[in-house]
Amino acid sequence: MRQAGLNNLEIFIAKQIERNGSMPLGEFMSIAMIHPQYGYYINSYPIGADGDFITAPEISQIFGEMIGAWVIDVWLQMGSPNINLIECGAGYGTLMADIIRVGVKIPKFVDLVNICIIETQGNMRDKQKSKLSNYTVSWYDNISEIIANKPSIIIGNEFLDALPVEQLKLGNNGWQQRFVDFDGNGFKLIWKKADKHLLELLPDKTLSNKIYEISKAQIGFIKESSLLIKKLGGAALFIDYGHNKSGYGETLQAVKKHKYSDILKDIGQSDITFHVDFAALKRNIPSYITSPSIVTQRDFLLSLGIKHRAKALINNNIDMEDIIKKQLDRLISKDQMGDLFKVMCFYNGDIKPCGFIL
Ligand SMILES: C[S@@+](CC[C@H](N)C(=O)[O-])C[C@H]1O[C@@H](n2cnc3c(N)ncnc32)[C@H](O)[C@@H]1O
């Protein structure tokens, strides 16, 4: 194998391919993102103007405050019990810190909330630890590790799109699946016979030679979350870049320094994501769980009163007016995050979560 010009992660992946044959796209994405030594997240602090991309909690504190209001409302409707408040993929810990900042104003909320974070990456955990240093937090690698001994409220912003995806297409030789191959010089994407278990996850209507994306990892995560709220109740809220109708088309992308890059170049040094197929996730929610229609981030935040909160913030910081207005625009405008990002909720219990048509 020619190793010149390859970084450590690329050498690792190339060796795996030489040993085991070409690698399913999802496995490649998982290694690229969360390899414990050389993966993207472990070696970088990618969120923010100086990084590769920006997320809503890092744009404005108002985002986290709105999610905080949603969490508190659900908790009050549940009868203010002792709960697990679980954040999946918490980045720099900003969203959880903003939720708790709202929560300290509500009697007993902070005392009755057991903060849990699902986070695989040590460097991210360190950031979260310092942001949440005044609180007791437990960390987990996977949601399945959390014991359902109390109700749960689960949240995740831009978490699902970091989980691995597979691409499939119906070609002349039947269903094909995307794999990553290495030819001694570089990596390339190839098509091979598809794993038949993946086909079971596809919607009924399928067209030839169109690319379908399906994420077994996301579906598994949604099922685990449902299981967690099955016995003692609770609710889940996931926000991500995605669509609310299953379709075809390739959305897999790599981003570096806020620009698109090649998923097979500088592996481990750019973020790889894809648009979440919320309809596919909704189809896989068990029947004992209630799941209202998916809404846009714009409609969700407007119905929670984001404009009123922005106005109040401006009144208290008049010299920040332009900045706050710009941040608000970024979160809710149709041509910014407002329509591209969708919000999905599911719950178990006698509650009516805000922001959805029930
Ligand atoms: C795009 S960032 C979003 C961070 C944060 N939620 C925000 O909105 O700023 C994705 C986060 O998920 C974490 N992550 C990625 N893959 C993961 C996995 N398989 N399990 C748990 N966490 C993961 C990353 O380390 C990072 O903290």
# chains A, B, ... in the order shown; residues from 1 in each chain; ligands from 1
$ residues_near_ligand --ligand "ligand 1" --cutoff "7 Å" --atoms "only C-alpha atoms and all ligand atoms" --output "list in words"
Met33, Ile34, Tyr41, Ile47, Thr55, Ala56, Pro57, Glu58, Cys88, Gly89, Ala90, Gly91, Tyr92, Thr94, Leu95, Ile118, Glu119, Thr120, Gln121, Met124, Asp141, Asn142, Gly156, Asn157, Glu158, Phe159, Ala162 and Leu163 of chain A
$ write_last_selection --atoms "C-alpha atoms" --output "mmCIF file, in the first residue's frame"
data_model
loop_
_atom_site.group_PDB
_atom_site.id
_atom_site.type_symbol
_atom_site.label_atom_id
_atom_site.label_comp_id
_atom_site.auth_asym_id
_atom_site.auth_seq_id
_atom_site.Cartn_x
_atom_site.Cartn_y
_atom_site.Cartn_z
ATOM 1 C CA MET A 33 -16.481 11.107 12.317
ATOM 2 C CA ILE A 34 -15.859 9.308 15.600
ATOM 3 C CA TYR A 41 -14.842 15.274 16.261
ATOM 4 C CA ILE A 47 -18.515 24.673 15.633
ATOM 5 C CA THR A 55 -25.257 25.544 14.944
ATOM 6 C CA ALA A 56 -28.367 27.291 16.290
ATOM 7 C CA PRO A 57 -27.333 27.309 19.991
ATOM 8 C CA GLU A 58 -24.035 28.940 18.984
ATOM 9 C CA CYS A 88 -27.756 13.802 22.475
ATOM 10 C CA GLY A 89 -24.507 15.089 20.931
ATOM 11 C CA ALA A 90 -24.165 18.229 23.045
ATOM 12 C CA GLY A 91 -21.273 19.947 21.212
ATOM 13 C CA TYR A 92 -19.905 22.727 23.434
ATOM 14 C CA THR A 94 -24.278 25.637 25.123
ATOM 15 C CA LEU A 95 -27.810 24.347 24.519
ATOM 16 C CA ILE A 118 -24.902 11.217 25.143
ATOM 17 C CA GLU A 119 -21.485 12.112 23.738
ATOM 18 C CA THR A 120 -18.803 9.861 22.321
ATOM 19 C CA GLN A 121 -16.034 12.436 22.067
ATOM 20 C CA MET A 124 -16.476 17.621 23.487
ATOM 21 C CA ASP A 141 -21.681 6.785 24.836
ATOM 22 C CA ASN A 142 -25.108 5.577 23.800
ATOM 23 C CA GLY A 156 -30.948 16.613 20.116
ATOM 24 C CA ASN A 157 -29.932 19.504 17.883
ATOM 25 C CA GLU A 158 -27.900 18.634 14.784
ATOM 26 C CA PHE A 159 -27.197 15.236 16.293
ATOM 27 C CA ALA A 162 -23.928 13.143 12.390
ATOM 28 C CA LEU A 163 -24.971 9.463 12.476
#
$ residues_around --residues "Tyr212 of chain A" --least-positions-apart "6" --cutoff "10 Å" --atoms "only C-alpha atoms" --output "list in words"
Glu166, Gln167, Leu168, Lys169, Leu170, Gln177, Leu202, Pro203, Thr206, Ser246, Gly247, Tyr248, Gly249, Glu250 and Thr251 of chain A
$ write_last_selection --atoms "N, CA and C atoms" --output "PDB file, in the first residue's frame"
ATOM      1  N   GLU A 166     -26.522   5.209   4.666  1.00  0.00           N
ATOM      2  CA  GLU A 166     -26.211   4.343   3.525  1.00  0.00           C
ATOM      3  C   GLU A 166     -26.924   4.890   2.296  1.00  0.00           C
ATOM      4  N   GLN A 167     -26.320   4.670   1.122  1.00  0.00           N
ATOM      5  CA  GLN A 167     -26.978   5.056  -0.128  1.00  0.00           C
ATOM      6  C   GLN A 167     -27.288   3.798  -0.935  1.00  0.00           C
ATOM      7  N   LEU A 168     -28.480   3.769  -1.531  1.00  0.00           N
ATOM      8  CA  LEU A 168     -28.935   2.599  -2.283  1.00  0.00           C
ATOM      9  C   LEU A 168     -29.495   3.041  -3.627  1.00  0.00           C
ATOM     10  N   LYS A 169     -29.413   2.162  -4.609  1.00  0.00           N
ATOM     11  CA  LYS A 169     -30.128   2.455  -5.864  1.00  0.00           C
ATOM     12  C   LYS A 169     -30.518   1.142  -6.546  1.00  0.00           C
ATOM     13  N   LEU A 170     -31.613   1.210  -7.278  1.00  0.00           N
ATOM     14  CA  LEU A 170     -32.074   0.051  -8.028  1.00  0.00           C
ATOM     15  C   LEU A 170     -31.498   0.149  -9.430  1.00  0.00           C
ATOM     16  N   GLN A 177     -25.652  -0.988  -3.286  1.00  0.00           N
ATOM     17  CA  GLN A 177     -25.354  -0.166  -2.105  1.00  0.00           C
ATOM     18  C   GLN A 177     -23.989   0.480  -2.295  1.00  0.00           C
ATOM     19  N   LEU A 202     -36.633   0.835   3.212  1.00  0.00           N
ATOM     20  CA  LEU A 202     -37.002   1.799   2.160  1.00  0.00           C
ATOM     21  C   LEU A 202     -38.515   1.942   2.046  1.00  0.00           C
ATOM     22  N   PRO A 203     -38.995   3.131   1.644  1.00  0.00           N
ATOM     23  CA  PRO A 203     -40.443   3.261   1.403  1.00  0.00           C
ATOM     24  C   PRO A 203     -40.848   2.417   0.191  1.00  0.00           C
ATOM     25  N   THR A 206     -40.310   3.176  -5.338  1.00  0.00           N
ATOM     26  CA  THR A 206     -38.892   3.311  -5.637  1.00  0.00           C
ATOM     27  C   THR A 206     -38.690   3.402  -7.147  1.00  0.00           C
ATOM     28  N   SER A 246     -40.183  11.520   2.432  1.00  0.00           N
ATOM     29  CA  SER A 246     -39.107  10.673   1.891  1.00  0.00           C
ATOM     30  C   SER A 246     -39.053  10.848   0.385  1.00  0.00           C
ATOM     31  N   GLY A 247     -37.859  10.850  -0.151  1.00  0.00           N
ATOM     32  CA  GLY A 247     -37.739  10.965  -1.600  1.00  0.00           C
ATOM     33  C   GLY A 247     -36.427  10.365  -2.035  1.00  0.00           C
ATOM     34  N   TYR A 248     -35.982  10.727  -3.218  1.00  0.00           N
ATOM     35  CA  TYR A 248     -34.688  10.246  -3.662  1.00  0.00           C
ATOM     36  C   TYR A 248     -33.765  11.440  -3.867  1.00  0.00           C
ATOM     37  N   GLY A 249     -32.491  11.147  -4.041  1.00  0.00           N
ATOM     38  CA  GLY A 249     -31.530  12.234  -4.240  1.00  0.00           C
ATOM     39  C   GLY A 249     -30.419  12.136  -3.223  1.00  0.00           C
ATOM     40  N   GLU A 250     -29.243  12.602  -3.662  1.00  0.00           N
ATOM     41  CA  GLU A 250     -28.048  12.490  -2.822  1.00  0.00           C
ATOM     42  C   GLU A 250     -27.869  13.775  -2.015  1.00  0.00           C
ATOM     43  N   THR A 251     -27.821  13.653  -0.692  1.00  0.00           N
ATOM     44  CA  THR A 251     -27.608  14.857   0.124  1.00  0.00           C
ATOM     45  C   THR A 251     -26.325  14.763   0.945  1.00  0.00           C
TER      46      THR A 251
END
$ closest_residue --among "A:Lys257, A:Gln77, A:Gln16, A:Leu198" --to "Tyr45 of chain A" --atoms "only C-alpha atoms"
A:Lys257
$ atom_distance --atom1 "atom CA of Lys231 of chain A" --atom2 "atom CA of Asn114 of chain A"
17.7 Å
$ residues_around --residues "Leu302 of chain A" --least-positions-apart "4" --cutoff "9 Å" --atoms "only C-alpha atoms" --output "ChimeraX atom specification"
/A:297-298,306-307,332,355
$ write_last_selection --atoms "C-alpha atoms" --output "PDB file, in the first residue's frame"
ATOM      1  CA  GLN A 297     -37.792  25.346  12.787  1.00  0.00           C
ATOM      2  CA  ARG A 298     -39.378  28.689  11.813  1.00  0.00           C
ATOM      3  CA  ILE A 306     -39.179  33.721  19.797  1.00  0.00           C
ATOM      4  CA  LYS A 307     -40.043  37.211  18.475  1.00  0.00           C
ATOM      5  CA  ILE A 332     -36.227  31.740  11.474  1.00  0.00           C
ATOM      6  CA  GLY A 355     -45.105  24.060  18.861  1.00  0.00           C
TER       7      GLY A 355
END
$ closest_residue --among "A:Ile272, A:Ile83, A:Ile314, A:Val104" --to "Phe53 of chain A" --atoms "only C-alpha atoms"
A:Ile272
$ select_by_dssp --residues "segment 128-289 of chain A" --states "strand (DSSP E or B)" --output "PyMOL selection string"
chain A and resi 137-140+152-157+166-171+174-182+187-193+208+212-214+234-243+253-256+259-261+271-273+276-277
$ residues_around --residues "Leu228 of chain A" --least-positions-apart "6" --cutoff "10 Å" --atoms "only C-alpha atoms" --output "PyMOL selection string"
chain A and resi 143-144+146-154+222+234-236+348
$ select_by_dssp --residues "segment 27-150 of chain A" --states "alpha helix (DSSP H)" --output "ChimeraX atom specification"
/A:27-34,56-59,61-77,94-103,109-112,122-131
$ atom_distance --atom1 "atom CA of Ser133 of chain A" --atom2 "atom CA of Val102 of chain A"
16.4 Å
$ residues_around --residues "Ser270 of chain A" --least-positions-apart "6" --cutoff "10 Å" --atoms "only C-alpha atoms" --output "list of chain:residue names"
A:Ala32, A:Met33, A:Gly39, A:Tyr40, A:Tyr41, A:Ser44, A:Pro46, A:Asp52, A:Phe53, A:Gln253, A:Ala254, A:Val255, A:Lys256, A:Lys257, A:His258, A:Lys259, A:Tyr260, A:Ser261, A:Asp262, A:Ile263, A:Leu264
$ residues_around --residues "Met78 of chain A" --least-positions-apart "6" --cutoff "8 Å" --atoms "only C-alpha atoms" --output "list in words"
Gly234, Gly349, Asp350 and Ile351 of chain A
$ write_last_selection --atoms "N, CA and C atoms" --output "mmCIF file, in the first residue's frame"
data_model
loop_
_atom_site.group_PDB
_atom_site.id
_atom_site.type_symbol
_atom_site.label_atom_id
_atom_site.label_comp_id
_atom_site.auth_asym_id
_atom_site.auth_seq_id
_atom_site.Cartn_x
_atom_site.Cartn_y
_atom_site.Cartn_z
ATOM 1 N N GLY A 234 -42.620 10.395 28.919
ATOM 2 C CA GLY A 234 -41.657 11.433 28.574
ATOM 3 C C GLY A 234 -41.831 11.873 27.138
ATOM 4 N N GLY A 349 -47.561 9.714 27.057
ATOM 5 C CA GLY A 349 -48.149 10.262 28.278
ATOM 6 C C GLY A 349 -49.189 11.307 27.945
ATOM 7 N N ASP A 350 -49.848 11.793 28.983
ATOM 8 C CA ASP A 350 -50.942 12.729 28.794
ATOM 9 C C ASP A 350 -50.398 14.159 28.725
ATOM 10 N N ILE A 351 -49.718 14.459 27.646
ATOM 11 C CA ILE A 351 -49.129 15.799 27.495
ATOM 12 C C ILE A 351 -49.427 16.333 26.097
#
$ residues_around --residues "Ile155 of chain A" --least-positions-apart "4" --cutoff "8 Å" --atoms "only C-alpha atoms" --output "PDB file with N, CA and C atoms, in the first residue's frame"
ATOM      1  N   LEU A  85     -33.051  14.413  32.021  1.00  0.00           N
ATOM      2  CA  LEU A  85     -33.042  15.354  30.895  1.00  0.00           C
ATOM      3  C   LEU A  85     -31.816  14.998  30.067  1.00  0.00           C
ATOM      4  N   ILE A  86     -32.078  14.439  28.890  1.00  0.00           N
ATOM      5  CA  ILE A  86     -30.990  13.836  28.106  1.00  0.00           C
ATOM      6  C   ILE A  86     -30.714  14.667  26.860  1.00  0.00           C
ATOM      7  N   GLU A  87     -29.479  15.130  26.699  1.00  0.00           N
ATOM      8  CA  GLU A  87     -29.129  15.776  25.425  1.00  0.00           C
ATOM      9  C   GLU A  87     -28.223  14.842  24.629  1.00  0.00           C
ATOM     10  N   CYS A  88     -28.540  14.683  23.355  1.00  0.00           N
ATOM     11  CA  CYS A  88     -27.756  13.802  22.475  1.00  0.00           C
ATOM     12  C   CYS A  88     -26.797  14.662  21.656  1.00  0.00           C
ATOM     13  N   ALA A 236     -39.559  13.444  23.390  1.00  0.00           N
ATOM     14  CA  ALA A 236     -38.284  13.650  22.687  1.00  0.00           C
ATOM     15  C   ALA A 236     -38.455  14.749  21.647  1.00  0.00           C
ATOM     16  N   LEU A 237     -37.393  15.529  21.442  1.00  0.00           N
ATOM     17  CA  LEU A 237     -37.419  16.636  20.483  1.00  0.00           C
ATOM     18  C   LEU A 237     -36.110  16.604  19.696  1.00  0.00           C
ATOM     19  N   PHE A 238     -36.217  16.422  18.380  1.00  0.00           N
ATOM     20  CA  PHE A 238     -35.010  16.400  17.548  1.00  0.00           C
ATOM     21  C   PHE A 238     -35.123  17.477  16.464  1.00  0.00           C
TER      22      PHE A 238
END
$ closest_residue --among "A:Tyr347, A:Phe300, A:Phe356, A:Phe274" --to "Gly26 of chain A" --atoms "only C-alpha atoms"
A:Phe274
$ closest_residue --among "A:Val343, A:Leu9, A:Leu201, A:Ile219" --to "Asn244 of chain A" --atoms "only C-alpha atoms"
A:Val343
$ atom_distance --atom1 "atom CA of Lys326 of chain A" --atom2 "atom CA of Asp339 of chain A"
16.4 Å
